[in-house]
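Participant: Here you go, structure09.cif (mmCIF, C-alpha atoms and all ligand atoms):
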data_run
#
loop_
_atom_site.label_atom_id
_atom_site.label_comp_id
_atom_site.auth_asym_id
_atom_site.auth_seq_id
_atom_site.Cartn_x
_atom_site.Cartn_y
_atom_site.Cartn_z
CA MET S 1 0.00 0.00 0.00
CA LYS S 2 1.71 3.18 -1.20
CA ARG S 3 0.30 6.21 0.59
CA ALA S 4 1.38 9.79 -0.16
CA LEU S 5 0.69 12.96 1.74
CA PHE S 6 -0.14 15.99 -0.43
CA PRO S 7 0.43 18.90 1.95
CA GLY S 8 -0.58 22.47 1.25
CA THR S 9 -2.69 25.39 2.31
CA PHE S 10 -5.31 24.99 -0.45
CA ASP S 11 -6.61 28.52 0.05
CA PRO S 12 -8.45 27.66 -2.16
CA PHE S 13 -7.97 24.25 -3.85
CA THR S 14 -7.39 24.87 -7.61
CA ASN S 15 -7.37 22.94 -10.89
CA GLY S 16 -3.58 22.95 -10.52
CA HIS S 17 -3.88 20.96 -7.28
CA LEU S 18 -6.41 18.66 -8.95
CA ASP S 19 -4.02 17.95 -11.81
CA ILE S 20 -1.22 17.00 -9.42
CA ILE S 21 -3.51 14.63 -7.50
CA ARG S 22 -4.80 13.00 -10.71
CA LYS S 23 -1.23 12.31 -11.69
CA GLY S 24 -0.35 11.18 -8.18
CA LEU S 25 -3.15 8.61 -8.28
CA ARG S 26 -1.32 6.87 -11.12
CA ILE S 27 1.67 6.41 -8.82
CA PHE S 28 0.15 5.91 -5.36
CA ASP S 29 -2.65 3.76 -3.97
CA GLU S 30 -3.88 6.46 -1.65
CA ILE S 31 -3.35 10.22 -1.32
CA VAL S 32 -4.01 12.16 1.84
CA VAL S 33 -4.68 15.81 1.04
CA ALA S 34 -3.24 17.39 4.17
CA ILE S 35 -4.36 20.93 4.89
CA GLY S 36 -1.65 22.61 6.93
CA VAL S 37 -2.98 24.82 9.69
CA ASN S 38 -0.55 27.67 10.15
CA ALA S 39 -1.09 29.96 13.11
CA GLY S 40 0.78 32.80 11.41
CA LYS S 41 -1.02 32.60 8.05
CA ASN S 42 -4.04 34.71 7.35
CA GLU S 43 -6.19 32.58 5.09
CA MET S 44 -9.01 33.91 2.95
CA PHE S 45 -11.15 30.79 3.43
CA PRO S 46 -11.87 29.10 6.77
CA LEU S 47 -10.42 25.63 7.25
CA GLU S 48 -13.77 23.86 7.46
CA TYR S 49 -14.84 25.24 4.06
CA ARG S 50 -11.52 24.39 2.44
CA ARG S 51 -11.77 20.86 3.80
CA ARG S 52 -15.38 20.31 2.70
CA TRP S 53 -14.77 21.63 -0.82
CA ILE S 54 -11.86 19.22 -1.29
CA GLU S 55 -13.96 16.34 0.09
CA ASP S 56 -16.66 17.26 -2.45
CA VAL S 57 -14.17 17.29 -5.32
CA PHE S 58 -13.21 13.70 -4.46
CA LYS S 59 -16.52 12.32 -3.30
CA GLU S 60 -16.40 9.63 -5.98
CA GLU S 61 -12.70 8.87 -5.45
CA LYS S 62 -12.24 6.70 -2.40
CA ARG S 63 -8.45 6.70 -2.74
CA VAL S 64 -8.26 10.38 -1.78
CA LYS S 65 -8.65 11.34 1.89
CA VAL S 66 -8.69 14.82 3.36
CA ALA S 67 -7.22 15.81 6.71
CA ALA S 68 -5.99 18.89 8.54
CA TYR S 69 -2.79 19.07 10.54
CA SER S 70 -0.65 21.51 12.42
CA GLY S 71 3.03 21.06 13.13
CA LEU S 72 5.62 19.44 10.95
CA THR S 73 4.61 17.71 7.74
CA ILE S 74 6.93 14.79 8.44
CA ASP S 75 5.26 14.22 11.82
CA PHE S 76 1.92 14.03 10.04
CA CYS S 77 3.45 11.55 7.59
CA ARG S 78 4.31 9.33 10.54
CA GLU S 79 0.84 9.72 12.01
CA THR S 80 -0.90 8.79 8.77
CA GLY S 81 1.58 6.10 7.75
CA SER S 82 2.57 7.99 4.59
CA GLU S 83 5.95 7.06 3.14
CA PHE S 84 5.79 9.69 0.41
CA ILE S 85 5.25 13.42 0.17
CA LEU S 86 3.68 14.52 -3.12
CA ARG S 87 4.42 18.07 -4.28
CA GLY S 88 3.71 19.91 -7.48
CA LEU S 89 6.24 21.96 -9.43
CA ARG S 90 5.24 24.99 -11.47
CA SER S 91 8.59 26.60 -12.10
CA ILE S 92 12.26 26.82 -11.24
CA VAL S 93 11.28 29.04 -8.32
CA ASP S 94 9.14 26.24 -6.85
CA PHE S 95 11.97 23.82 -7.48
CA GLU S 96 14.62 25.67 -5.44
CA TYR S 97 12.31 26.03 -2.47
CA GLU S 98 10.98 22.47 -2.67
CA LYS S 99 14.46 21.02 -2.95
CA GLN S 100 15.47 22.63 0.35
CA ILE S 101 12.41 21.35 2.18
CA ALA S 102 12.82 17.87 0.70
CA HIS S 103 16.44 17.67 1.82
CA VAL S 104 15.64 18.74 5.35
CA ASN S 105 12.72 16.31 5.52
CA GLU S 106 14.80 13.42 4.29
CA GLN S 107 17.52 14.22 6.81
CA LEU S 108 15.07 14.35 9.69
CA PHE S 109 13.00 11.39 8.59
CA PRO S 110 14.80 9.17 6.05
CA GLY S 111 11.76 6.91 5.76
CA VAL S 112 9.81 9.56 3.85
CA GLN S 113 10.58 10.30 0.23
CA SER S 114 9.41 13.40 -1.64
CA VAL S 115 8.02 12.93 -5.13
CA PHE S 116 7.57 15.86 -7.52
CA VAL S 117 5.09 16.07 -10.32
CA ILE S 118 4.76 18.83 -12.89
CA SER S 119 1.34 20.04 -13.94
CA GLU S 120 0.10 20.28 -17.51
CA GLN S 121 1.14 23.54 -19.10
CA GLU S 122 -2.38 24.97 -19.00
CA TYR S 123 -2.45 24.53 -15.23
CA SER S 124 1.09 25.60 -14.49
CA VAL S 125 0.15 29.28 -14.24
CA ILE S 126 -2.48 28.70 -11.56
CA SER S 127 -1.75 29.43 -7.94
CA SER S 128 -4.05 29.98 -4.99
CA THR S 129 -2.39 33.38 -4.56
CA ILE S 130 -3.38 34.49 -8.06
CA VAL S 131 -6.90 33.17 -7.60
CA ARG S 132 -7.24 35.15 -4.35
CA ASP S 133 -6.04 38.29 -6.15
CA LEU S 134 -8.60 37.77 -8.91
CA ILE S 135 -11.31 37.32 -6.29
CA ARG S 136 -10.27 40.50 -4.46
CA HIS S 137 -10.39 42.48 -7.67
CA ARG S 138 -13.64 40.89 -8.82
CA ALA S 139 -12.09 39.37 -11.92
CA ASP S 140 -13.19 36.05 -13.38
CA PHE S 141 -11.56 33.24 -11.40
CA ARG S 142 -14.05 30.41 -12.12
CA GLN S 143 -12.02 28.65 -14.80
CA TYR S 144 -9.22 28.02 -12.29
CA LEU S 145 -11.29 26.20 -9.69
CA PRO S 146 -13.11 22.85 -9.70
CA LEU S 147 -16.90 23.36 -9.58
CA ALA S 148 -17.08 21.77 -6.13
CA VAL S 149 -14.86 24.53 -4.73
CA LYS S 150 -17.74 26.85 -3.98
CA VAL S 151 -15.85 29.92 -2.79
CA GLU S 152 -19.06 31.90 -3.33
CA GLU S 153 -20.36 30.36 -0.08
CA VAL S 154 -17.85 32.46 1.81
CA LEU S 155 -17.76 35.50 -0.46
CA HIS S 156 -21.52 35.98 -0.44
CA GLY S 157 -22.10 34.82 3.12
P1 LIG A 1 1.85 25.71 0.05
O1 LIG A 1 1.26 26.78 0.91
O2 LIG A 1 2.51 24.60 0.81
O3 LIG A 1 2.66 26.19 -1.13
P2 LIG A 1 -0.27 25.28 -1.82
O4 LIG A 1 -1.67 25.01 -1.41
O5 LIG A 1 0.02 26.61 -2.44
O6 LIG A 1 0.59 25.02 -0.54
O7 LIG A 1 0.24 24.16 -2.79
C1 LIG A 1 0.31 22.80 -2.44
C2 LIG A 1 1.15 22.06 -3.48
O8 LIG A 1 0.54 22.14 -4.76
C3 LIG A 1 2.56 22.60 -3.67
O9 LIG A 1 3.41 21.50 -3.91
C4 LIG A 1 2.45 23.44 -4.90
O10 LIG A 1 3.69 23.55 -5.58
C5 LIG A 1 1.48 22.61 -5.70
N1 LIG A 1 0.78 23.39 -6.71
C6 LIG A 1 -0.13 24.37 -6.52
N2 LIG A 1 -0.58 24.86 -7.68
C7 LIG A 1 0.05 24.15 -8.66
C8 LIG A 1 0.04 24.18 -10.08
N3 LIG A 1 -0.72 25.04 -10.76
N4 LIG A 1 0.84 23.32 -10.73
C9 LIG A 1 1.63 22.46 -10.05
N5 LIG A 1 1.68 22.38 -8.72
C10 LIG A 1 0.92 23.22 -8.03
#
Transcribe the structure of this file into C-alpha cells.
Ligand code: ADP
Facilitator:
Amino acid sequence: MKRALFPGTFDPFTNGHLDIIRKGLRIFDEIVVAIGVNAGKNEMFPLEYRRRWIEDVFKEEKRVKVAAYSGLTIDFCRETGSEFILRGLRSIVDFEYEKQIAHVNEQLFPGVQSVFVISEQEYSVISSTIVRDLIRHRADFRQYLPLAVKVEEVLHG
C-alpha cells in the first residue's frame, strides 16, 4: 500500500492541485490531502470550508482522503503512515524552495521520500495566490477552480 501525503494550504484548492492529484493517483494507492494549519497565516477561506470543498471534489474517489494538521509535515506523515510526500512543481522558483524542504525532511525522517510532479502547461500558471487576487479584484476566477470549490459560499455569506 503506497500512501502519499499531499500537503498544502489549499486557500483555495485549484485545478492545478487537482491535476497533481490525478497524476499522483497513477503512482500511489492512496493520497491524503493534508491541509496545513498555520497559526501565522491569514487565510481567505476558513479551514472547514476548504476541507469540505476538497472532500466534495473527491466524493467519488475513495483513494483520496482529506485531513488537517498543524506542526511538521513529516510528523503528520508518521501519524498517517505515509511514506511519500507529493508536491507539485510549477517553475524553477518552486523547485529551489521544494528542494530545500525535501532535503531537510529526508535528513530528519529518512523513511519519507518526496516525489515531484509537474502540472500540464495549461495549469502551471495557476496558484491559490493568483486566484485570491482575482477574487479580491472581482475578476473572473471560475475557470481556475473545480466546480465543487464553492468559494461563493464564503464571499456571499
Ligand atoms: P503551500 O502553501 O505549501 O505552497 P499550496 O496550497 O500553495 O501550498 O500548494 C500545495 C502544493 O501544490 C505545492 O506543492 C504546490 O507547488 C502545488 N501546486 C499548486 N498549484 C500548482 C500548479 N498550478 N501546478 C503544479 N503544482 C501546483
Participant: Extract, using all atoms listed in the file, all DNA, RNA and protein residues at most 12 Å from Thr80 (chain S), discarding same-chain residues fewer than 5 positions from it, and format them as a ChimeraX atom specification.
Facilitator: /S:2-6,30-34,65-69,73-75,85,112
Participant: Go ahead and write the selection's residues with C-alpha atoms as a compact mmCIF listing (two decimals), keeping the file's coordinate frame.
Facilitator:
# COMPACT_ATOMS: atom_id res chain seq x y z
CA LYS S 2 1.71 3.18 -1.20
CA ARG S 3 0.30 6.21 0.59
CA ALA S 4 1.38 9.79 -0.16
CA LEU S 5 0.69 12.96 1.74
CA PHE S 6 -0.14 15.99 -0.43
CA GLU S 30 -3.88 6.46 -1.65
CA ILE S 31 -3.35 10.22 -1.32
CA VAL S 32 -4.01 12.16 1.84
CA VAL S 33 -4.68 15.81 1.04
CA ALA S 34 -3.24 17.39 4.17
CA LYS S 65 -8.65 11.34 1.89
CA VAL S 66 -8.69 14.82 3.36
CA ALA S 67 -7.22 15.81 6.71
CA ALA S 68 -5.99 18.89 8.54
CA TYR S 69 -2.79 19.07 10.54
CA THR S 73 4.61 17.71 7.74
CA ILE S 74 6.93 14.79 8.44
CA ASP S 75 5.26 14.22 11.82
CA ILE S 85 5.25 13.42 0.17
CA VAL S 112 9.81 9.56 3.85
Participant: Collect all residues with atoms no farther than 8 Å from ligand LIG 1 (chain A), counting only C-alpha atoms and all ligand atoms, and output them as number ranges by chain.
Facilitator: S: 6-17, 19-20, 35-36, 86-90, 94, 98, 116-120, 123-129
Participant: Take the residues from that selection and write them out as a short mmCIF file (atom, residue, chain, number, x, y, z; two decimals), keeping the file's coordinate frame, keeping C-alpha atoms.
Facilitator:
data_model
loop_
_atom_site.label_atom_id
_atom_site.label_comp_id
_atom_site.auth_asym_id
_atom_site.auth_seq_id
_atom_site.Cartn_x
_atom_site.Cartn_y
_atom_site.Cartn_z
CA PHE S 6 -0.14 15.99 -0.43
CA PRO S 7 0.43 18.90 1.95
CA GLY S 8 -0.58 22.47 1.25
CA THR S 9 -2.69 25.39 2.31
CA PHE S 10 -5.31 24.99 -0.45
CA ASP S 11 -6.61 28.52 0.05
CA PRO S 12 -8.45 27.66 -2.16
CA PHE S 13 -7.97 24.25 -3.85
CA THR S 14 -7.39 24.87 -7.61
CA ASN S 15 -7.37 22.94 -10.89
CA GLY S 16 -3.58 22.95 -10.52
CA HIS S 17 -3.88 20.96 -7.28
CA ASP S 19 -4.02 17.95 -11.81
CA ILE S 20 -1.22 17.00 -9.42
CA ILE S 35 -4.36 20.93 4.89
CA GLY S 36 -1.65 22.61 6.93
CA LEU S 86 3.68 14.52 -3.12
CA ARG S 87 4.42 18.07 -4.28
CA GLY S 88 3.71 19.91 -7.48
CA LEU S 89 6.24 21.96 -9.43
CA ARG S 90 5.24 24.99 -11.47
CA ASP S 94 9.14 26.24 -6.85
CA GLU S 98 10.98 22.47 -2.67
CA PHE S 116 7.57 15.86 -7.52
CA VAL S 117 5.09 16.07 -10.32
CA ILE S 118 4.76 18.83 -12.89
CA SER S 119 1.34 20.04 -13.94
CA GLU S 120 0.10 20.28 -17.51
CA TYR S 123 -2.45 24.53 -15.23
CA SER S 124 1.09 25.60 -14.49
CA VAL S 125 0.15 29.28 -14.24
CA ILE S 126 -2.48 28.70 -11.56
CA SER S 127 -1.75 29.43 -7.94
CA SER S 128 -4.05 29.98 -4.99
CA THR S 129 -2.39 33.38 -4.56
#
Participant: Find, counting only C-alpha atoms, the residue in S:Gly71, S:Val37, S:Val154, S:Phe58 that gets nearest to Leu25 (chain S).
Facilitator: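 Selected residue with least distance to Leu25 (chain S): S:Phe58.
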Participant: Name the closest residue to Pro46 (chain S) among the candidates S:Val104, S:Val151, S:Ile27, S:Ile21; distances are taken between atoms, counting all atoms listed in the file.
Facilitator: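 Once distances to Pro46 (chain S) are computed over all atoms listed in the file, the minimum belongs to S:Val151.
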Participant: Rank S:Glu96, S:Val57, S:Arg63, S:His103 by their smallest atom-to-atom distance to Arg26 (chain S), using only C-alpha atoms, and report the top residue only.
Facilitator: S:Arg63
Participant: Restricting the calculation to all atoms listed in the file, which member of S:Met44, S:Ala139, S:Val64, S:Ile54 is positioned closest to Asp29 (chain S)?
Facilitator: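 Ranking S:Met44, S:Ala139, S:Val64, S:Ile54 by distance to Asp29 (chain S), first place goes to S:Val64.
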Participant: Measure the distance from CA of Glu61 (chain S) to CA of Leu145 (chain S) in Å and round it to one decimal.
Facilitator: 17.9 Å
Participant: Between CA of Tyr97 (chain S) and CA of Gly40 (chain S), what is the distance, to one decimal in Å?
Facilitator: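 Interatomic distance here is 19.3 Å.
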Participant: Have a look at CA of Glu83 (chain S) and CA of Gln113 (chain S) and let me know their distance in Å, one decimal.
Facilitator: 6.4 Å
Participant: Please list as a ChimeraX atom specification every residue within 12 Å of Glu153 (chain S), counting only C-alpha atoms and excluding residues in the same chain fewer than 5 positions away.
Facilitator: /S:45-46,48-50,52-53,148
Participant: Kindly indicate which residue among S:Ser70, S:Val93, S:Cys77, S:Glu55 lies nearest to Asn105 (chain S), using only C-alpha atoms for the distances.
Facilitator: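 Of S:Ser70, S:Val93, S:Cys77, S:Glu55, the one nearest Asn105 (chain S) is S:Cys77, counting only C-alpha atoms.
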Participant: Of the candidates S:Arg22, S:Arg132, S:Lys99, S:Lys41, which shows the shortest atom-to-atom distance to Leu155 (chain S), using all atoms listed in the file?
Facilitator: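 Looking at the shortest contact to Leu155 (chain S), the residue is S:Arg132.
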